[in-house]
Structures are given as C-alpha cells and as structure tokens.
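Undergrad: Sharing data-v7.pdb (PDB, C-alpha atoms and all ligand atoms) below.
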ATOM      1  CA  MET B   8      -6.517   7.647  -7.372
ATOM      2  CA  THR B   9      -8.782  10.657  -8.052
ATOM      3  CA  THR B  10      -6.515  12.136 -10.733
ATOM      4  CA  GLN B  11      -6.194   8.779 -12.471
ATOM      5  CA  GLN B  12      -9.999   8.577 -12.630
ATOM      6  CA  THR B  13     -10.259  12.157 -13.904
ATOM      7  CA  ASN B  14      -7.833  11.417 -16.710
ATOM      8  CA  LEU B  15      -9.225   8.046 -17.757
ATOM      9  CA  GLN B  16     -10.587   9.632 -20.921
ATOM     10  CA  TYR B  17      -7.004  10.130 -22.186
ATOM     11  CA  LEU B  18      -5.580   6.767 -21.178
ATOM     12  CA  PRO B  19      -5.128   4.223 -24.026
ATOM     13  CA  SER B  20      -7.796   1.558 -23.584
ATOM     14  CA  ASP B  21      -5.311  -1.322 -23.296
ATOM     15  CA  LEU B  22      -3.727   0.190 -20.155
ATOM     16  CA  LYS B  23      -5.272  -0.665 -16.810
ATOM     17  CA  PRO B  24      -5.590   2.480 -14.662
ATOM     18  CA  GLU B  25      -5.262   0.466 -11.434
ATOM     19  CA  LEU B  26      -1.883  -0.920 -12.588
ATOM     20  CA  LEU B  27      -0.305   2.358 -13.685
ATOM     21  CA  PRO B  28       2.974   3.297 -12.022
ATOM     22  CA  GLN B  29       2.477   6.177  -9.595
ATOM     23  CA  HIS B  30       6.021   7.399 -10.176
ATOM     24  CA  VAL B  31       8.083   7.068 -13.370
ATOM     25  CA  ALA B  32      11.789   7.941 -13.543
ATOM     26  CA  VAL B  33      13.785   8.413 -16.759
ATOM     27  CA  ILE B  34      17.442   8.264 -17.733
ATOM     28  CA  MET B  35      17.377  10.310 -20.925
ATOM     29  CA  ASP B  36      20.272   8.732 -22.778
ATOM     30  CA  GLY B  37      21.301   8.984 -26.422
ATOM     31  CA  ASN B  38      21.003  12.703 -27.214
ATOM     32  CA  GLY B  39      24.550  12.850 -28.594
ATOM     33  CA  ARG B  40      24.101   9.747 -30.765
ATOM     34  CA  TRP B  41      20.781  11.048 -32.055
ATOM     35  CA  ALA B  42      22.447  14.298 -33.141
ATOM     36  CA  LYS B  43      25.366  12.449 -34.749
ATOM     37  CA  ARG B  44      22.972  10.303 -36.781
ATOM     38  CA  GLN B  45      21.298  13.462 -38.076
ATOM     39  CA  GLY B  46      24.673  15.044 -38.869
ATOM     40  CA  LEU B  47      24.075  17.695 -36.181
ATOM     41  CA  PRO B  48      26.233  18.926 -33.278
ATOM     42  CA  ARG B  49      25.664  17.078 -29.956
ATOM     43  CA  ILE B  50      23.985  20.094 -28.399
ATOM     44  CA  MET B  51      21.120  19.794 -30.888
ATOM     45  CA  GLY B  52      20.401  16.388 -29.387
ATOM     46  CA  HIS B  53      20.042  17.969 -25.937
ATOM     47  CA  LYS B  54      17.762  20.643 -27.373
ATOM     48  CA  ARG B  55      15.510  17.976 -28.863
ATOM     49  CA  GLY B  56      15.806  16.112 -25.567
ATOM     50  CA  VAL B  57      14.063  18.967 -23.786
ATOM     51  CA  ASP B  58      11.131  18.675 -26.226
ATOM     52  CA  ALA B  59      10.888  14.926 -25.581
ATOM     53  CA  LEU B  60      10.876  15.554 -21.827
ATOM     54  CA  LYS B  61       8.149  18.198 -22.134
ATOM     55  CA  ASP B  62       5.993  15.764 -24.140
ATOM     56  CA  LEU B  63       6.537  12.998 -21.593
ATOM     57  CA  LEU B  64       5.602  15.283 -18.703
ATOM     58  CA  ARG B  65       2.379  16.251 -20.451
ATOM     59  CA  CYS B  66       1.644  12.616 -21.278
ATOM     60  CA  CYS B  67       2.156  11.523 -17.649
ATOM     61  CA  ARG B  68      -0.182  14.273 -16.528
ATOM     62  CA  ASP B  69      -2.812  13.331 -19.140
ATOM     63  CA  TRP B  70      -2.677   9.658 -18.180
ATOM     64  CA  GLY B  71      -2.891  10.264 -14.427
ATOM     65  CA  ILE B  72       0.691   9.423 -13.397
ATOM     66  CA  LYS B  73       1.433  11.384 -10.231
ATOM     67  CA  ALA B  74       5.219  11.788 -10.388
ATOM     68  CA  LEU B  75       7.952  11.997 -13.032
ATOM     69  CA  THR B  76      11.657  12.233 -12.201
ATOM     70  CA  ALA B  77      14.247  12.986 -14.901
ATOM     71  CA  TYR B  78      18.034  12.601 -14.682
ATOM     72  CA  ALA B  79      19.169  15.839 -16.345
ATOM     73  CA  PHE B  80      22.790  16.110 -15.168
ATOM     74  CA  SER B  81      24.870  13.736 -13.085
ATOM     75  CA  THR B  82      27.765  14.592 -10.772
ATOM     76  CA  GLU B  83      29.942  12.830 -13.386
ATOM     77  CA  ASN B  84      28.678  14.954 -16.308
ATOM     78  CA  TRP B  85      31.086  17.809 -15.335
ATOM     79  CA  LYS B  86      33.748  15.698 -17.114
ATOM     80  CA  ARG B  87      32.179  16.534 -20.497
ATOM     81  CA  PRO B  88      33.743  19.226 -22.701
ATOM     82  CA  GLN B  89      33.340  22.668 -21.129
ATOM     83  CA  GLU B  90      31.218  24.014 -24.035
ATOM     84  CA  GLU B  91      28.762  21.131 -23.660
ATOM     85  CA  VAL B  92      28.463  21.655 -19.880
ATOM     86  CA  GLU B  93      27.921  25.378 -20.391
ATOM     87  CA  PHE B  94      25.348  24.695 -23.078
ATOM     88  CA  LEU B  95      23.456  22.293 -20.813
ATOM     89  CA  MET B  96      23.413  24.775 -17.923
ATOM     90  CA  SER B  97      22.054  27.564 -20.121
ATOM     91  CA  LEU B  98      19.591  25.131 -21.741
ATOM     92  CA  PHE B  99      18.162  24.218 -18.313
ATOM     93  CA  GLN B 100      17.915  27.876 -17.397
ATOM     94  CA  ARG B 101      16.230  28.846 -20.660
ATOM     95  CA  ALA B 102      13.831  25.898 -20.586
ATOM     96  CA  LEU B 103      12.804  26.762 -17.029
ATOM     97  CA  ARG B 104      12.211  30.396 -17.861
ATOM     98  CA  GLN B 105      10.206  29.514 -20.991
ATOM     99  CA  GLU B 106       8.146  26.709 -19.490
ATOM    100  CA  LEU B 107       7.372  28.086 -16.037
ATOM    101  CA  LYS B 108       4.140  29.849 -17.037
ATOM    102  CA  GLU B 109       2.792  26.694 -18.660
ATOM    103  CA  MET B 110       3.807  24.542 -15.689
ATOM    104  CA  VAL B 111       1.941  26.894 -13.373
ATOM    105  CA  GLU B 112      -1.133  26.776 -15.650
ATOM    106  CA  GLU B 113      -0.967  22.989 -15.900
ATOM    107  CA  ASN B 114      -0.726  22.632 -12.123
ATOM    108  CA  VAL B 115       2.739  20.974 -12.254
ATOM    109  CA  GLN B 116       4.880  21.029  -9.125
ATOM    110  CA  ILE B 117       8.539  21.228 -10.104
ATOM    111  CA  GLN B 118      11.435  20.441  -7.826
ATOM    112  CA  PHE B 119      15.141  19.917  -8.250
ATOM    113  CA  VAL B 120      17.274  17.376  -6.417
ATOM    114  CA  GLY B 121      21.060  17.150  -6.287
ATOM    115  CA  ASN B 122      23.923  19.297  -5.115
ATOM    116  CA  LEU B 123      22.342  22.509  -6.350
ATOM    117  CA  GLN B 124      24.824  24.885  -4.647
ATOM    118  CA  ALA B 125      27.466  23.952  -7.229
ATOM    119  CA  LEU B 126      25.298  25.099 -10.163
ATOM    120  CA  PRO B 127      25.724  28.535 -11.790
ATOM    121  CA  LYS B 128      24.082  31.267  -9.668
ATOM    122  CA  ALA B 129      21.668  32.346 -12.440
ATOM    123  CA  LEU B 130      20.430  28.767 -12.778
ATOM    124  CA  GLN B 131      20.077  28.445  -9.003
ATOM    125  CA  GLU B 132      17.866  31.552  -9.015
ATOM    126  CA  GLU B 133      15.667  30.170 -11.806
ATOM    127  CA  ILE B 134      15.408  26.881  -9.896
ATOM    128  CA  SER B 135      14.330  28.609  -6.653
ATOM    129  CA  ARG B 136      11.788  30.718  -8.497
ATOM    130  CA  SER B 137      10.250  27.747 -10.311
ATOM    131  CA  MET B 138      10.101  25.644  -7.131
ATOM    132  CA  ASP B 139       8.546  28.481  -5.203
ATOM    133  CA  GLU B 140       5.947  29.384  -7.840
ATOM    134  CA  THR B 141       4.768  25.791  -8.277
ATOM    135  CA  LYS B 142       4.992  24.548  -4.693
ATOM    136  CA  ASN B 143       1.228  24.322  -4.195
ATOM    137  CA  ASN B 144       0.532  22.625  -7.550
ATOM    138  CA  ARG B 145      -0.831  19.114  -7.369
ATOM    139  CA  SER B 146      -1.495  17.561 -10.804
ATOM    140  CA  ILE B 147       1.977  15.979 -11.046
ATOM    141  CA  LYS B 148       5.265  16.198  -9.156
ATOM    142  CA  PHE B 149       8.063  16.772 -11.664
ATOM    143  CA  THR B 150      11.509  16.260 -10.184
ATOM    144  CA  VAL B 151      14.665  17.151 -12.093
ATOM    145  CA  ALA B 152      17.873  15.545 -10.841
ATOM    146  CA  THR B 153      20.631  18.066 -11.573
ATOM    147  CA  ASN B 154      24.215  17.641 -10.385
ATOM    148  CA  TYR B 155      22.787  14.500  -8.829
ATOM    149  CA  GLY B 156      24.692  11.373  -7.769
ATOM    150  CA  GLY B 157      23.110   8.506  -5.827
ATOM    151  CA  ARG B 158      26.257   7.727  -3.806
ATOM    152  CA  GLN B 159      26.766  11.401  -2.959
ATOM    153  CA  GLU B 160      23.123  11.616  -1.890
ATOM    154  CA  ILE B 161      23.561   8.639   0.456
ATOM    155  CA  LEU B 162      26.808  10.066   1.848
ATOM    156  CA  GLN B 163      25.288  13.482   2.608
ATOM    157  CA  ALA B 164      22.375  11.721   4.369
ATOM    158  CA  CYS B 165      24.878   9.724   6.463
ATOM    159  CA  ARG B 166      26.744  12.904   7.404
ATOM    160  CA  ALA B 167      23.545  14.709   8.416
ATOM    161  CA  ILE B 168      22.414  11.728  10.511
ATOM    162  CA  ALA B 169      25.864  11.316  12.116
ATOM    163  CA  GLN B 170      25.762  14.974  13.095
ATOM    164  CA  LYS B 171      22.356  14.506  14.764
ATOM    165  CA  VAL B 172      23.713  11.484  16.652
ATOM    166  CA  GLN B 173      26.745  13.504  17.763
ATOM    167  CA  GLN B 174      24.469  16.301  18.972
ATOM    168  CA  GLY B 175      22.310  13.785  20.867
ATOM    169  CA  ILE B 176      19.229  14.496  18.705
ATOM    170  CA  LEU B 177      19.109  10.882  17.460
ATOM    171  CA  LYS B 178      20.218   7.538  18.926
ATOM    172  CA  PRO B 179      21.947   5.036  16.561
ATOM    173  CA  ASP B 180      19.214   2.435  17.045
ATOM    174  CA  GLU B 181      16.550   4.987  16.118
ATOM    175  CA  ILE B 182      17.953   5.176  12.559
ATOM    176  CA  SER B 183      15.231   3.423  10.572
ATOM    177  CA  GLU B 184      14.629   3.292   6.798
ATOM    178  CA  GLN B 185      12.061   6.086   7.271
ATOM    179  CA  ILE B 186      14.559   8.289   9.149
ATOM    180  CA  PHE B 187      17.224   7.593   6.543
ATOM    181  CA  GLU B 188      14.896   8.420   3.639
ATOM    182  CA  SER B 189      13.910  11.678   5.260
ATOM    183  CA  HIS B 190      17.563  12.796   4.891
ATOM    184  CA  LEU B 191      17.775  12.002   1.162
ATOM    185  CA  TYR B 192      17.302  14.711  -1.493
ATOM    186  CA  THR B 193      14.100  12.878  -2.443
ATOM    187  CA  ALA B 194      12.501  13.107   1.034
ATOM    188  CA  GLY B 195       8.733  13.207   0.600
ATOM    189  CA  ILE B 196       8.783  11.691  -2.909
ATOM    190  CA  THR B 197       7.614   8.071  -3.211
ATOM    191  CA  ASP B 198      10.089   5.589  -4.723
ATOM    192  CA  PRO B 199       9.817   5.153  -8.515
ATOM    193  CA  ASP B 200       7.740   2.168  -9.633
ATOM    194  CA  LEU B 201       9.270   2.235 -13.098
ATOM    195  CA  LEU B 202      12.631   3.467 -14.395
ATOM    196  CA  ILE B 203      12.965   3.888 -18.151
ATOM    197  CA  ARG B 204      16.391   4.128 -19.749
ATOM    198  CA  THR B 205      16.746   4.949 -23.423
ATOM    199  CA  SER B 206      19.504   4.094 -25.925
ATOM    200  CA  GLY B 207      19.955   0.502 -24.794
ATOM    201  CA  GLU B 208      22.403   0.979 -21.901
ATOM    202  CA  MET B 209      21.674  -1.413 -19.031
ATOM    203  CA  ARG B 210      22.908   0.296 -15.893
ATOM    204  CA  LEU B 211      21.704   2.660 -13.176
ATOM    205  CA  SER B 212      24.610   5.113 -13.610
ATOM    206  CA  ASN B 213      24.434   6.335  -9.997
ATOM    207  CA  PHE B 214      20.742   7.275 -10.309
ATOM    208  CA  LEU B 215      18.359   6.787  -7.362
ATOM    209  CA  LEU B 216      20.424   3.928  -5.882
ATOM    210  CA  TRP B 217      18.455   3.741  -2.621
ATOM    211  CA  GLN B 218      15.076   4.545  -4.153
ATOM    212  CA  MET B 219      15.296   1.897  -6.908
ATOM    213  CA  ALA B 220      15.526  -1.032  -4.456
ATOM    214  CA  TYR B 221      12.269  -2.505  -5.810
ATOM    215  CA  GLY B 222      11.628  -0.366  -8.900
ATOM    216  CA  GLU B 223      11.059  -2.066 -12.246
ATOM    217  CA  ILE B 224      13.546  -1.233 -15.019
ATOM    218  CA  TYR B 225      12.585  -0.872 -18.685
ATOM    219  CA  ILE B 226      15.284  -0.439 -21.323
ATOM    220  CA  THR B 227      14.614   0.610 -24.896
ATOM    221  CA  ASP B 228      17.058   1.009 -27.792
ATOM    222  CA  THR B 229      15.260   4.189 -28.854
ATOM    223  CA  LEU B 230      17.382   7.301 -28.415
ATOM    224  CA  TRP B 231      15.952   9.874 -26.005
ATOM    225  CA  PRO B 232      14.916  12.558 -28.555
ATOM    226  CA  ASP B 233      12.804   9.892 -30.326
ATOM    227  CA  PHE B 234      11.098   8.726 -27.116
ATOM    228  CA  ASP B 235       7.454   9.644 -27.738
ATOM    229  CA  ARG B 236       3.963   8.709 -26.488
ATOM    230  CA  ALA B 237       3.942   5.481 -28.515
ATOM    231  CA  GLU B 238       7.245   4.444 -26.873
ATOM    232  CA  PHE B 239       5.939   5.366 -23.438
ATOM    233  CA  HIS B 240       2.780   3.390 -24.109
ATOM    234  CA  ARG B 241       4.956   0.341 -24.933
ATOM    235  CA  ALA B 242       6.931   0.822 -21.711
ATOM    236  CA  LEU B 243       3.722   0.983 -19.665
ATOM    237  CA  CYS B 244       2.313  -2.147 -21.370
ATOM    238  CA  ALA B 245       5.532  -3.999 -20.485
ATOM    239  CA  TYR B 246       5.350  -2.688 -16.903
ATOM    240  CA  GLN B 247       1.758  -3.891 -16.542
ATOM    241  CA  GLN B 248       2.879  -7.424 -17.462
ATOM    242  CA  ARG B 249       5.428  -7.494 -14.627
ATOM    243  CA  ASN B 250       4.728  -9.426 -11.458
ATOM    244  CA  ARG B 251       5.932  -7.185  -8.634
ATOM    245  CA  ARG B 252       6.648  -9.282  -5.577
ATOM    246  CA  PHE B 253       8.760  -6.932  -3.428
ATOM    247  CA  GLY B 254      10.737  -9.930  -2.147
ATOM    248  CA  GLY B 255       7.634 -12.054  -1.463
ATOM    249  CA  VAL B 256       6.404 -15.078  -3.414
TER     250      VAL B 256
HETATM  251  C1  LIG L   1      22.436  11.993 -22.101
HETATM  252  O1  LIG L   1      22.666  11.873 -23.480
HETATM  253  C2  LIG L   1      21.746  13.254 -21.826
HETATM  254  C3  LIG L   1      22.168  14.244 -20.969
HETATM  255  C4  LIG L   1      23.384  14.165 -20.165
HETATM  256  C5  LIG L   1      21.410  15.496 -20.825
HETATM  257  C6  LIG L   1      19.965  15.284 -20.602
HETATM  258  C7  LIG L   1      19.289  16.576 -20.535
HETATM  259  C8  LIG L   1      18.167  16.899 -21.202
HETATM  260  C9  LIG L   1      17.430  15.998 -22.110
HETATM  261  C10 LIG L   1      17.566  18.229 -20.994
HETATM  262  C11 LIG L   1      16.644  18.241 -19.803
HETATM  263  C12 LIG L   1      16.040  19.565 -19.647
HETATM  264  C13 LIG L   1      15.513  20.092 -18.521
HETATM  265  C14 LIG L   1      14.931  21.427 -18.531
HETATM  266  C15 LIG L   1      15.543  19.383 -17.262
HETATM  267  P1  LIG L   1      24.184  11.775 -23.975
HETATM  268  O2  LIG L   1      24.676  13.136 -24.251
HETATM  269  O3  LIG L   1      24.964  11.000 -22.977
HETATM  270  O4  LIG L   1      24.001  10.975 -25.306
HETATM  271  P2  LIG L   1      25.076   9.946 -25.911
HETATM  272  O5  LIG L   1      25.163   8.814 -24.922
HETATM  273  O6  LIG L   1      24.429   9.544 -27.185
HETATM  274  O7  LIG L   1      26.355  10.683 -26.099
END
Could you rewrite the structure in this file as structure tokens?
TA:
Amino acid sequence: MTTQQTNLQYLPSDLKPELLPQHVAVIMDGNGRWAKRQGLPRIMGHKRGVDALKDLLRCCRDWGIKALTAYAFSTENWKRPQEEVEFLMSLFQRALRQELKEMVEENVQIQFVGNLQALPKALQEEISRSMDETKNNRSIKFTVATNYGGRQEILQACRAIAQKVQQGILKPDEISEQIFESHLYTAGITDPDLLIRTSGEMRLSNFLLWQMAYGEIYITDTLWPDFDRAEFHRALCAYQQRNRRFGGV
C-alpha cells in the first residue's frame, strides 16, 4: 500500500485508495474502427493505440496501481493481412526502443508474456533487453501479452507439469492451484482485479482465461485510441461500486 499512499496527491478525490484495483488488464480493441472513422489507414489506429497505452501506464503509476497488463497481439492475430502483422511487429519494436529510457527513469518493470519464440528475432532481442534493463524496477509491473493465447498458455502449463510427473519430480495429487499457476506465463503476477475492454465487445477473446476467474469486467463503447484518463476514471468509479464476493455471500 506504500505506493498508493505516496501517490494519493494525484488520485481523483472521488476514488477510494483502499478500493483501487491492484492489477488492471486491458483489451485494447477498436483501433481499426477508430482509423476508419477518421478516414485513415488501420495502421494509424494502432499507432494512436500506443499513445493511449503509454498514457494509461503513466496514469496507473500516478494513481498507485501496481500492475497493468495489455493484450497487444493474440495467437489469432497472425490471421490478419501480412502488412498489418508486419506493421504491428515493427511498431512494438520501435515503441520499445523509444520508450525504454523513460520506463527505466519512471521505475517501470516491463515484461512480456506469450509464445515469444515465434516473434521476429529483432523484436525478441528488444524484448529481452527491455525486460533485463527494468527487472529491478518497482513502481509498476507492466506486462505486455504478445503472441498470447489463454488456451495455449494452459496447454503449455499442462505439458510442463505432465513432464515433471513423468520424471517423478511431481506426484499427480501434489498438483495444486499454486503449482499450476507457477507454470503459467504469468507466474509471479497477481490475478487482475479489473479487465477493461474497449469498443463494446463483450468477450474474453482467449485472454487470461485462468487468471480472470474472479476478475471484474468493464466494457466501454469508446474505441481504444480515445481511451483517456477520464475514461479510466469512469472505469475505476464503476469498479469501486462492485461488490466482490469471490463466490461467498
Ligand atoms: C485491436 O484493435 C488492437 C490490436 C490487435 C493491436 C493492439 C496493439 C496496440 C495498441 C499497440 C501496443 C503497443 C505496445 C508497445 C505493446 P483492432 O485492430 O482489432 O480494431 P478493430 O476491431 O476496430 O478492427
């Protein structure tokens, strides 16, 4: 709670610091539609999407939220036109290179989750460098899900656990929720308290299937590039009205 107290000066007065989500996840949907509405090519929507994500990261940090996870590229997104996929890959790489210095200065810890081996080599190198250079930073944990799929994540955890059972390292009845979670890409990251999805779609789209068991979901019709501090404030107000029971009464 120390960081939340330190940042109280920035928090809008109608938000209760003790009821803030510790971890916010976002499905950044609607970049293409945003661009179309402006008469621009789809890729311009993604470019503006990066700016919206940067602003949200800074806002979370200012308001004392300890973790932000963004769904940047799903295992299904390879089906998009080749030029768009290539643009996204180089956009991630460029954004990382440009933002790394600031993330280091702002004490952000960045990490990537997903099947990273399938990404272009140059992007993999940028990812390793950014993770390495920010690994001791503690103001906020910023996780980028890239080539991520929730079902694939669960399957690879099952395979790793099955292998340990086969090797006699684990017994089947020792497989607890904690053991299972420690084999997910997100091992060591707390489950999201709040998932925000923009552009009005009401589905999880293979994002954090295990981790969202008790997470609250907030949907807004706003398209991702227009998602700003005022929108985030609204999402947090709605979240603070929720009665989280975790299966209890
Ligand atoms: C969904 O909108 C958006 C994406 C698949 C890409 C999201 C990526 C970013 C915002 C960039 C993130 C940057 C970094 C550095 C992590 P869509 O294209 O599906 O929009 P549509 O539904 O309107 O077509």
Undergrad: Kindly give the distance, in Å, that separates CA of Ile182 (chain B) and CA of Thr197 (chain B), rounded to a single decimal.
TA: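 Interatomic distance, CA of Ile182 (chain B) to CA of Thr197 (chain B): 19.1 Å.
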Undergrad: Convert the output of the PyMOL selection byres (((chain B and resi 156) around 6) and not hetatm) on the shown file into explicit residues, formatted as JSON, numbers by chain.
TA: {"B": [81, 82, 155, 157, 158, 159, 213]}
Undergrad: Would you list the residues that come within 6 Å of ligand LIG 1 (chain L)? Count all atoms listed in the file and give the answer as a list in words.
TA: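 Sorted by chain and then by number, the residues are Met35, Asp36, Gly37, Asn38, Gly39, Arg40, His53, Gly56, Val57, Ala79, Phe80, Phe99, Ala102, Leu103 and Val151 of chain B.
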Undergrad: Would you write out, as a PyMOL selection string, every residue that the PyMOL selection byres (((chain B and resi 202) around 10) and not hetatm) captures in this file?
TA: chain B and resi 28+30-34+75-77+199-201+203-204+211+214-215+219+222-226+242+246
Undergrad: For the residues selected in the previous step, produce a file with C-alpha atoms as an mmCIF file, keeping the file's coordinate frame.
TA:
data_model
loop_
_atom_site.group_PDB
_atom_site.id
_atom_site.type_symbol
_atom_site.label_atom_id
_atom_site.label_comp_id
_atom_site.auth_asym_id
_atom_site.auth_seq_id
_atom_site.Cartn_x
_atom_site.Cartn_y
_atom_site.Cartn_z
ATOM 1 C CA PRO B 28 2.974 3.297 -12.022
ATOM 2 C CA HIS B 30 6.021 7.399 -10.176
ATOM 3 C CA VAL B 31 8.083 7.068 -13.370
ATOM 4 C CA ALA B 32 11.789 7.941 -13.543
ATOM 5 C CA VAL B 33 13.785 8.413 -16.759
ATOM 6 C CA ILE B 34 17.442 8.264 -17.733
ATOM 7 C CA LEU B 75 7.952 11.997 -13.032
ATOM 8 C CA THR B 76 11.657 12.233 -12.201
ATOM 9 C CA ALA B 77 14.247 12.986 -14.901
ATOM 10 C CA PRO B 199 9.817 5.153 -8.515
ATOM 11 C CA ASP B 200 7.740 2.168 -9.633
ATOM 12 C CA LEU B 201 9.270 2.235 -13.098
ATOM 13 C CA ILE B 203 12.965 3.888 -18.151
ATOM 14 C CA ARG B 204 16.391 4.128 -19.749
ATOM 15 C CA LEU B 211 21.704 2.660 -13.176
ATOM 16 C CA PHE B 214 20.742 7.275 -10.309
ATOM 17 C CA LEU B 215 18.359 6.787 -7.362
ATOM 18 C CA MET B 219 15.296 1.897 -6.908
ATOM 19 C CA GLY B 222 11.628 -0.366 -8.900
ATOM 20 C CA GLU B 223 11.059 -2.066 -12.246
ATOM 21 C CA ILE B 224 13.546 -1.233 -15.019
ATOM 22 C CA TYR B 225 12.585 -0.872 -18.685
ATOM 23 C CA ILE B 226 15.284 -0.439 -21.323
ATOM 24 C CA ALA B 242 6.931 0.822 -21.711
ATOM 25 C CA TYR B 246 5.350 -2.688 -16.903
#
Undergrad: Centre and edge lengths, as AutoDock Vina command-line options, for the axis-aligned box enclosing every listed atom of region 232-239 of chain B with 3 Å of padding on each of the six sides, in Å to one decimal?
TA:
--center_x 9.4 --center_y 8.5 --center_z -26.9 --size_x 17.0 --size_y 14.1 --size_z 12.9
Undergrad: On this structure, the PyMOL selection byres (((chain B and resi 251) around 9) and not hetatm) would catch which residues? List them as a PDB file with C-alpha atoms, keeping the file's coordinate frame, sorted by chain and number.
TA:
ATOM      1  CA  TYR B 221      12.269  -2.505  -5.810  1.00  0.00           C
ATOM      2  CA  GLY B 222      11.628  -0.366  -8.900  1.00  0.00           C
ATOM      3  CA  GLU B 223      11.059  -2.066 -12.246  1.00  0.00           C
ATOM      4  CA  ARG B 249       5.428  -7.494 -14.627  1.00  0.00           C
ATOM      5  CA  ASN B 250       4.728  -9.426 -11.458  1.00  0.00           C
ATOM      6  CA  ARG B 252       6.648  -9.282  -5.577  1.00  0.00           C
ATOM      7  CA  PHE B 253       8.760  -6.932  -3.428  1.00  0.00           C
ATOM      8  CA  GLY B 254      10.737  -9.930  -2.147  1.00  0.00           C
ATOM      9  CA  GLY B 255       7.634 -12.054  -1.463  1.00  0.00           C
TER      10      GLY B 255
END
Undergrad: Would you list the residues near (21.9, 7.3, 14.4), meaning any protein, DNA or RNA residue with an atom at most 12 Å from that point in file coordinates, counting all atoms listed in the file, as a PyMOL selection string?
TA: chain B and resi 164-184+186-187+190
Undergrad: Rounded to one decimal place, report the CA of Leu230 (chain B)-CA of Trp41 (chain B) distance in Å.
TA: 6.2 Å
Undergrad: Tell me, in Å to one decimal, how far CA of Asp228 (chain B) is from CA of Thr205 (chain B).
TA: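 Result for CA of Asp228 (chain B) versus CA of Thr205 (chain B): 5.9 Å, one decimal.
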Undergrad: Which residues of region 211-239 of chain B sit at most 9 Å from region 60-72 of chain B, using only C-alpha atoms? Give each one's shortest atom pair and distance in Å (one decimal place), in chain and ascending residue order, as JSON lines.
TA:
{"residue": "B:Trp231", "atom": "CA", "partner": "B:Leu60", "partner_atom": "CA", "distance": 8.7}
{"residue": "B:Pro232", "atom": "CA", "partner": "B:Leu60", "partner_atom": "CA", "distance": 8.4}
{"residue": "B:Phe234", "atom": "CA", "partner": "B:Leu63", "partner_atom": "CA", "distance": 8.3}
{"residue": "B:Asp235", "atom": "CA", "partner": "B:Leu63", "partner_atom": "CA", "distance": 7.1}
{"residue": "B:Arg236", "atom": "CA", "partner": "B:Cys66", "partner_atom": "CA", "distance": 6.9}
{"residue": "B:Phe239", "atom": "CA", "partner": "B:Leu63", "partner_atom": "CA", "distance": 7.9}
Undergrad: Could you check which of B:Leu26, B:Ile161, B:Gln248, B:Val120 is closest to Gly195 (chain B), using only C-alpha atoms?
TA: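 Under the stated criterion, the closest residue is B:Val120.
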Undergrad: For Thr229 (chain B), which of B:Gln131, B:Ile50, B:Gly207, B:Gln45 is the closest residue, counting all atoms listed in the file?
TA: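 Once distances to Thr229 (chain B) are computed over all atoms listed in the file, the minimum belongs to B:Gly207.
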Undergrad: Here is a test: counting all atoms listed in the file, which residue of B:Arg136, B:Glu113, B:Leu126, B:Glu160 is nearest to Ser189 (chain B)?
TA: B:Glu160
Undergrad: Using only C-alpha atoms, pick whichever of B:Lys142, B:Gln163, B:Lys148, B:Gln100 has the shortest atom-to-atom distance to Pro127 (chain B).
TA: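 When distances to Pro127 (chain B) are compared using only C-alpha atoms, the smallest one comes from B:Gln100.
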Undergrad: Tell me which of B:Ala74, B:Met138, B:Ser20, B:Glu91 sits closest to Lys54 (chain B), counting only C-alpha atoms.
TA: B:Glu91
Undergrad: Of the candidates B:Gln29, B:Leu162, B:Gln89, B:Ser137, which one gets nearest to Lys108 (chain B) if we count only C-alpha atoms?
TA: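 Selected residue with least distance to Lys108 (chain B): B:Ser137.
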